[in-house]
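*Asks:* Coordinates in data-v3.csv, CSV, C-alpha atoms, are listed below.
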```csv
chain,number,residue,atom,x,y,z
A,2,MET,CA,-13.9,6.8,14.2
A,3,SER,CA,-11.5,5.0,11.9
A,4,ILE,CA,-7.8,4.2,11.4
A,5,ASN,CA,-3.0,4.9,9.8
A,6,GLN,CA,-1.4,2.7,7.3
A,7,ASN,CA,1.3,2.0,9.8
A,8,ALA,CA,3.8,-0.5,8.6
A,9,ASN,CA,4.3,-2.3,11.9
A,10,THR,CA,1.1,-3.3,13.7
A,11,GLY,CA,-1.9,-1.7,12.3
A,12,ALA,CA,-3.5,0.7,9.8
A,13,LEU,CA,-5.3,4.0,10.3
A,14,PRO,CA,-6.9,5.0,7.0
A,15,ASN,CA,-6.8,8.4,5.4
A,16,PHE,CA,-9.7,10.3,7.1
A,17,ARG,CA,-9.8,12.7,4.2
A,18,ASN,CA,-10.6,10.0,1.7
A,19,LEU,CA,-14.2,10.0,0.5
A,20,GLY,CA,-14.4,6.2,0.3
A,21,ILE,CA,-13.3,5.9,3.9
A,22,LEU,CA,-15.8,8.5,5.1
A,23,LEU,CA,-18.6,6.7,3.3
A,24,ARG,CA,-17.6,3.4,4.9
A,25,ILE,CA,-17.7,5.0,8.3
A,26,LEU,CA,-21.2,6.5,7.6
A,27,VAL,CA,-22.6,3.1,6.4
A,28,ILE,CA,-21.1,1.2,9.4
A,29,VAL,CA,-22.3,3.6,12.0
A,30,ASP,CA,-25.8,4.0,10.6
A,31,GLY,CA,-26.0,0.2,10.2
A,32,MET,CA,-25.1,-0.2,13.9
A,33,CYS,CA,-27.7,2.4,14.9
A,34,LEU,CA,-30.3,0.4,13.0
A,35,ALA,CA,-29.2,-2.8,14.6
A,36,ALA,CA,-29.4,-1.2,18.1
A,37,ALA,CA,-32.9,-0.1,17.4
A,38,LEU,CA,-33.9,-3.6,16.1
A,39,LEU,CA,-32.7,-5.2,19.3
A,40,LYS,CA,-35.4,-3.3,21.1
A,41,THR,CA,-38.3,-3.7,18.8
A,42,THR,CA,-39.4,-4.8,15.3
A,43,GLU,CA,-42.7,-2.9,15.1
A,44,PRO,CA,-42.3,-0.3,12.4
A,45,LEU,CA,-43.6,2.8,14.3
A,46,VAL,CA,-41.8,2.0,17.5
A,47,LEU,CA,-38.7,1.1,15.5
A,48,MET,CA,-38.8,4.5,13.8
A,49,GLU,CA,-39.1,6.3,17.1
A,50,GLU,CA,-36.2,4.4,18.6
A,51,LEU,CA,-34.1,5.0,15.6
A,52,ILE,CA,-34.8,8.8,15.7
A,53,ASP,CA,-34.0,8.8,19.4
A,54,VAL,CA,-30.6,7.1,18.9
A,55,SER,CA,-29.8,9.2,15.8
A,56,ALA,CA,-30.6,12.5,17.5
A,57,ILE,CA,-27.3,12.1,19.5
A,58,VAL,CA,-25.3,9.7,17.3
A,59,GLN,CA,-25.6,11.7,14.0
A,60,PRO,CA,-24.2,14.9,15.5
A,61,ILE,CA,-21.4,12.9,17.1
A,62,LEU,CA,-20.7,11.2,13.8
A,63,ILE,CA,-20.6,14.4,11.8
A,64,LEU,CA,-18.3,16.2,14.3
A,65,SER,CA,-16.1,13.1,14.5
A,66,LEU,CA,-15.6,13.0,10.7
A,67,LEU,CA,-14.8,16.8,10.7
A,68,ALA,CA,-12.4,16.4,13.6
A,69,LEU,CA,-10.6,13.4,12.2
A,70,ALA,CA,-10.2,15.0,8.8
A,71,ALA,CA,-8.7,18.1,10.5
A,72,ALA,CA,-6.4,15.9,12.7
A,73,ASN,CA,-5.6,13.4,9.9
A,74,ASP,CA,-1.9,14.4,9.4
A,75,TRP,CA,-1.3,14.7,13.2
A,76,LEU,CA,-2.7,11.2,13.8
A,77,HIS,CA,-0.6,9.6,11.1
A,78,ARG,CA,2.5,11.1,12.6
A,79,LEU,CA,1.9,9.3,15.9
A,80,ARG,CA,2.8,5.7,16.7
A,81,TYR,CA,-0.1,3.4,16.0
A,82,TRP,CA,-1.1,2.7,19.6
A,83,HIS,CA,-0.7,6.4,20.5
A,84,ALA,CA,-2.9,7.3,17.6
A,85,LEU,CA,-5.6,4.8,18.7
A,86,ALA,CA,-5.5,6.2,22.2
A,87,ALA,CA,-5.9,9.8,20.9
A,88,LEU,CA,-8.7,8.6,18.6
A,89,ILE,CA,-10.6,7.1,21.5
A,90,VAL,CA,-10.1,10.1,23.7
A,91,LEU,CA,-11.3,12.4,20.9
A,92,GLU,CA,-14.5,10.3,20.3
A,93,LEU,CA,-15.3,10.3,24.0
A,94,ALA,CA,-14.8,14.0,24.3
A,95,ILE,CA,-17.1,14.7,21.3
A,96,THR,CA,-19.7,12.3,22.7
A,97,ALA,CA,-19.7,14.0,26.1
A,98,ALA,CA,-19.8,17.5,24.5
A,99,VAL,CA,-22.7,16.6,22.2
A,100,TYR,CA,-24.6,14.9,25.0
A,101,GLY,CA,-24.0,17.9,27.4
A,102,PHE,CA,-25.2,20.5,24.9
A,103,GLY,CA,-28.0,18.6,23.2
A,104,ALA,CA,-29.4,15.8,25.2
A,105,HIS,CA,-32.0,17.7,27.2
A,106,MET,CA,-32.9,20.0,24.3
A,107,LEU,CA,-33.5,17.0,22.0
A,108,GLY,CA,-35.2,15.0,24.7
A,109,THR,CA,-33.2,11.8,24.1
A,110,ALA,CA,-33.7,8.9,26.4
A,111,GLY,CA,-30.9,7.2,28.3
A,112,GLY,CA,-27.9,8.7,30.2
A,113,LEU,CA,-24.5,9.6,29.0
A,114,GLY,CA,-23.1,6.1,29.8
A,115,ARG,CA,-25.3,4.6,27.1
A,116,TYR,CA,-23.8,6.8,24.4
A,117,VAL,CA,-20.3,6.4,25.8
A,118,ILE,CA,-20.6,2.6,25.5
A,119,PHE,CA,-22.1,2.9,22.1
A,120,THR,CA,-19.3,5.2,20.9
A,121,LEU,CA,-16.7,2.8,22.3
A,122,VAL,CA,-18.3,-0.2,20.6
A,123,ILE,CA,-18.6,1.6,17.2
A,124,THR,CA,-15.0,2.9,17.5
A,125,GLY,CA,-13.8,-0.6,18.3
A,126,VAL,CA,-15.7,-2.1,15.3
A,127,LEU,CA,-14.2,0.5,13.0
A,128,ILE,CA,-10.7,0.0,14.3
A,129,GLY,CA,-11.0,-3.7,13.8
A,130,TYR,CA,-12.5,-3.3,10.3
A,131,PHE,CA,-9.9,-1.0,9.0
A,132,ASP,CA,-7.1,-2.9,10.6
A,133,LEU,CA,-8.2,-6.2,8.9
A,134,ARG,CA,-8.8,-4.4,5.7
A,135,GLY,CA,-5.3,-2.8,5.8
A,136,ARG,CA,-3.7,-6.2,6.5
A,137,ALA,CA,-5.6,-7.8,3.7
A,138,LEU,CA,-4.8,-5.2,1.1
A,139,SER,CA,-1.1,-4.6,2.2
A,140,PRO,CA,0.3,-7.8,0.5
A,141,ALA,CA,-1.7,-7.2,-2.6
A,142,LEU,CA,-0.6,-3.6,-2.9
A,143,THR,CA,3.0,-4.4,-2.2
A,144,GLU,CA,3.0,-7.2,-4.8
A,145,ALA,CA,1.3,-5.0,-7.4
A,146,ARG,CA,3.9,-2.3,-6.9
A,147,LEU,CA,6.7,-4.8,-7.2
A,148,GLN,CA,5.3,-6.3,-10.3
A,149,ALA,CA,4.9,-2.9,-11.8
A,150,LEU,CA,8.5,-2.1,-11.0
A,151,GLN,CA,9.7,-5.4,-12.5
A,152,ALA,CA,7.7,-4.8,-15.6
A,153,ARG,CA,9.6,-1.6,-16.4
A,154,ILE,CA,12.2,-3.3,-18.6
A,155,ARG,CA,11.6,-1.3,-21.7
A,156,PRO,CA,10.2,-3.2,-24.7
A,157,HIS,CA,12.7,-1.7,-27.1
A,158,PHE,CA,15.5,-3.4,-25.1
A,159,LEU,CA,14.6,-6.8,-26.6
A,160,PHE,CA,14.5,-5.3,-30.1
A,161,ASN,CA,17.9,-3.6,-29.7
A,162,SER,CA,19.5,-6.7,-28.1
A,163,ILE,CA,18.4,-8.9,-31.0
A,164,ASN,CA,19.8,-6.5,-33.5
A,165,ALA,CA,23.1,-6.4,-31.6
A,166,VAL,CA,23.2,-10.2,-31.6
A,167,LEU,CA,22.5,-10.4,-35.3
A,168,SER,CA,25.4,-8.1,-36.0
A,169,LEU,CA,27.7,-10.5,-34.3
A,170,MET,CA,26.5,-13.8,-35.7
A,171,ARG,CA,29.2,-14.0,-38.4
A,172,GLN,CA,32.1,-12.2,-36.9
A,173,GLU,CA,31.8,-13.4,-33.3
A,174,PRO,CA,29.4,-16.3,-33.1
A,175,ARG,CA,30.6,-17.4,-29.6
A,176,ARG,CA,29.9,-13.9,-28.2
A,177,ALA,CA,26.5,-13.8,-30.0
A,178,GLU,CA,25.6,-17.2,-28.5
A,179,GLN,CA,26.6,-16.0,-25.0
A,180,ALA,CA,24.5,-12.9,-25.5
A,181,LEU,CA,21.5,-15.0,-26.4
A,182,GLU,CA,22.0,-17.1,-23.3
A,183,ASP,CA,22.1,-14.0,-21.2
A,184,LEU,CA,19.0,-12.6,-22.8
A,185,ALA,CA,17.2,-15.9,-22.2
A,186,ASP,CA,18.2,-16.0,-18.6
A,187,LEU,CA,17.0,-12.4,-18.1
A,188,TYR,CA,13.6,-13.0,-19.6
A,189,ARG,CA,13.2,-16.3,-17.8
A,190,VAL,CA,13.5,-14.5,-14.5
A,191,LEU,CA,11.3,-11.7,-15.7
A,192,MET,CA,8.4,-14.1,-16.6
A,193,ALA,CA,8.8,-16.3,-13.5
A,194,ASP,CA,6.6,-16.0,-10.4
A,195,ASN,CA,8.7,-13.3,-8.5
A,196,ARG,CA,6.9,-13.2,-5.2
A,197,GLN,CA,9.7,-14.9,-3.3
A,198,LEU,CA,12.8,-12.9,-2.2
A,199,ALA,CA,16.0,-13.7,-3.9
A,200,PRO,CA,19.7,-13.6,-2.8
A,201,ILE,CA,21.4,-10.4,-3.8
A,202,ALA,CA,24.3,-12.3,-5.4
A,203,ARG,CA,21.8,-13.8,-7.9
A,204,GLU,CA,20.5,-10.3,-8.7
A,205,VAL,CA,24.0,-9.0,-9.2
A,206,ALA,CA,24.8,-11.9,-11.6
A,207,LEU,CA,21.6,-11.1,-13.5
A,208,ALA,CA,22.5,-7.4,-13.6
A,209,LYS,CA,25.9,-8.4,-15.1
A,210,GLN,CA,24.2,-10.4,-17.8
A,211,TYR,CA,21.9,-7.4,-18.6
A,212,LEU,CA,24.9,-5.0,-18.8
A,213,SER,CA,26.9,-7.4,-21.0
A,214,ILE,CA,24.0,-7.4,-23.4
A,215,GLU,CA,23.9,-3.6,-23.4
A,216,GLU,CA,27.6,-3.5,-23.9
A,217,LEU,CA,27.2,-5.2,-27.3
A,218,ARG,CA,25.5,-2.1,-28.8
A,219,LEU,CA,27.0,0.6,-26.6
A,220,GLY,CA,30.7,-0.6,-26.8
A,221,ASP,CA,33.2,1.7,-25.1
A,222,ARG,CA,30.5,4.2,-24.2
A,223,LEU,CA,29.4,1.9,-21.4
A,224,ARG,CA,32.0,1.8,-18.6
A,225,ILE,CA,31.2,-0.3,-15.5
A,226,GLU,CA,32.9,-0.5,-12.1
A,227,TRP,CA,31.7,-3.1,-9.6
A,228,ASP,CA,32.3,-2.5,-5.8
A,229,ILE,CA,30.8,-5.5,-4.2
A,230,SER,CA,33.6,-7.0,-2.2
A,231,HIS,CA,31.8,-6.3,1.1
A,232,MET,CA,28.3,-7.2,-0.3
A,233,PRO,CA,26.3,-9.7,1.9
A,234,ALA,CA,25.8,-12.2,-0.9
A,235,ASP,CA,23.1,-14.1,0.9
A,236,ALA,CA,21.0,-11.1,1.8
A,237,LEU,CA,17.4,-11.4,0.4
A,238,ILE,CA,15.9,-8.7,-1.7
A,239,PRO,CA,12.8,-8.5,-4.1
A,240,PRO,CA,13.7,-10.1,-7.5
A,241,LEU,CA,14.6,-7.7,-10.3
A,242,VAL,CA,14.6,-4.7,-8.0
A,243,LEU,CA,18.1,-3.7,-9.3
A,244,GLN,CA,16.9,-3.9,-12.9
A,245,PRO,CA,15.0,-0.6,-13.2
A,246,LEU,CA,17.9,1.2,-11.5
A,247,LEU,CA,20.5,-0.2,-13.9
A,248,GLU,CA,18.3,0.5,-16.9
A,249,ASN,CA,17.7,4.1,-15.9
A,250,ALA,CA,21.4,4.6,-15.2
A,251,VAL,CA,22.3,3.3,-18.7
A,252,TYR,CA,19.4,5.1,-20.4
A,253,HIS,CA,20.0,8.5,-18.8
A,254,GLY,CA,23.8,8.1,-18.6
A,255,ILE,CA,24.3,7.4,-22.3
```
Mind turning the file's structure into structure tokens?

*Replies:*
Amino acid sequence: MSINQNANTGALPNFRNLGILLRILVIVDGMCLAAALLKTTEPLVLMEELIDVSAIVQPILILSLLALAAANDWLHRLRYWHALAALIVLELAITAAVYGFGAHMLGTAGGLGRYVIFTLVITGVLIGYFDLRGRALSPALTEARLQALQARIRPHFLFNSINAVLSLMRQEPRRAEQALEDLADLYRVLMADNRQLAPIAREVALAKQYLSIEELRLGDRLRIEWDISHMPADALIPPLVLQPLLENAVYHGI
């Protein structure tokens, strides 16, 4: 009775996540209470109606959560719509099995059709809820991951760069000035609102500025070869996505 973080059209949650399970429990029990309230508002009659509904719904709910937790990996390997179909079939099978084994023993009112419809409604509500929740969270999570990636320019890079520029101020003032301009461009992009995609040509130009700064202090130890003759210059990529790759290459390579 819930849903996969599929990149294309929808999102089924992780059925082994405690938070997801608690949300399902709250939503299902809330709908049981709402169904009972539609029939009566008198406390004693309401309690009897709620017990009657829960006698079938709670075993279905518990078995559903166990089955979904067991089938979690398999469901997430399916295409989204196939996973939804399998989910609905699983819920209907559990509903029929629980009703067949327990309805007469528990003395619940109403036929199987009543619980099938209730199961379909609850499953539909949960599918819609987790799909909307996944769509709402997806941009925020993506942006947070991207910002974290962009923020990985190591703090000591600024310190080392300034020291390298200071060492050039007297002997090579023009080169020192160029290095400061490159450093300013790099940090201007870093501090900007980087939620829009940028042309890869701009990112490569920024990468060259970064490497020219690193070359000041590393000298001949830093050897660079660019193979970008066939690069689609106008292709759009997340800003600064090349930066951590280059920094790690320099850091671990040197």

*Asks:* Check the smallest atom-to-atom distance from each of A:Tyr211, A:Leu223, A:Glu92, A:Ile229 to A:Gln244 using all atoms listed in the file, then report the winner.

*Replies:*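 Checking each candidate against A:Gln244, we get A:Tyr211 as the closest.
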
*Asks:* Which of these residues is nearest to A:Ala86, using all atoms listed in the file: A:Ile128, A:Ala68, A:Cys33, A:Asp74?

*Replies:* A:Ile128

*Asks:* In terms of the shortest atom-to-atom distance over only C-alpha atoms, which of A:Leu191, A:Ala180, A:Leu212, A:Ala199 is closest to A:Glu248?

*Replies:*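 Selected residue with least distance to A:Glu248: A:Leu212.
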
*Asks:* If we count all atoms listed in the file, what is near A:Ala208 at a cut-off of 9 Å, once residues fewer than 3 positions away on the same chain are taken out, given as a list of chain:residue names?

*Replies:*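 Returned residues: A:Leu187, A:Arg203, A:Glu204, A:Val205, A:Tyr211, A:Leu212, A:Ser213, A:Leu241, A:Leu243, A:Gln244, A:Leu247.
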
*Asks:* For A:Ala185, which of A:Ala94, A:His77, A:Ile201, A:Leu159 is the closest residue, counting all atoms listed in the file?

*Replies:*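 For A:Ala185, the nearest of the candidates is A:Leu159.
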
*Asks:* Find the distance between atom CA of A:Leu69 and atom CA of A:Val54 and write it in Å to one decimal.

*Replies:*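 Calculated distance between atom CA of A:Leu69 and atom CA of A:Val54 is 22.0 Å.
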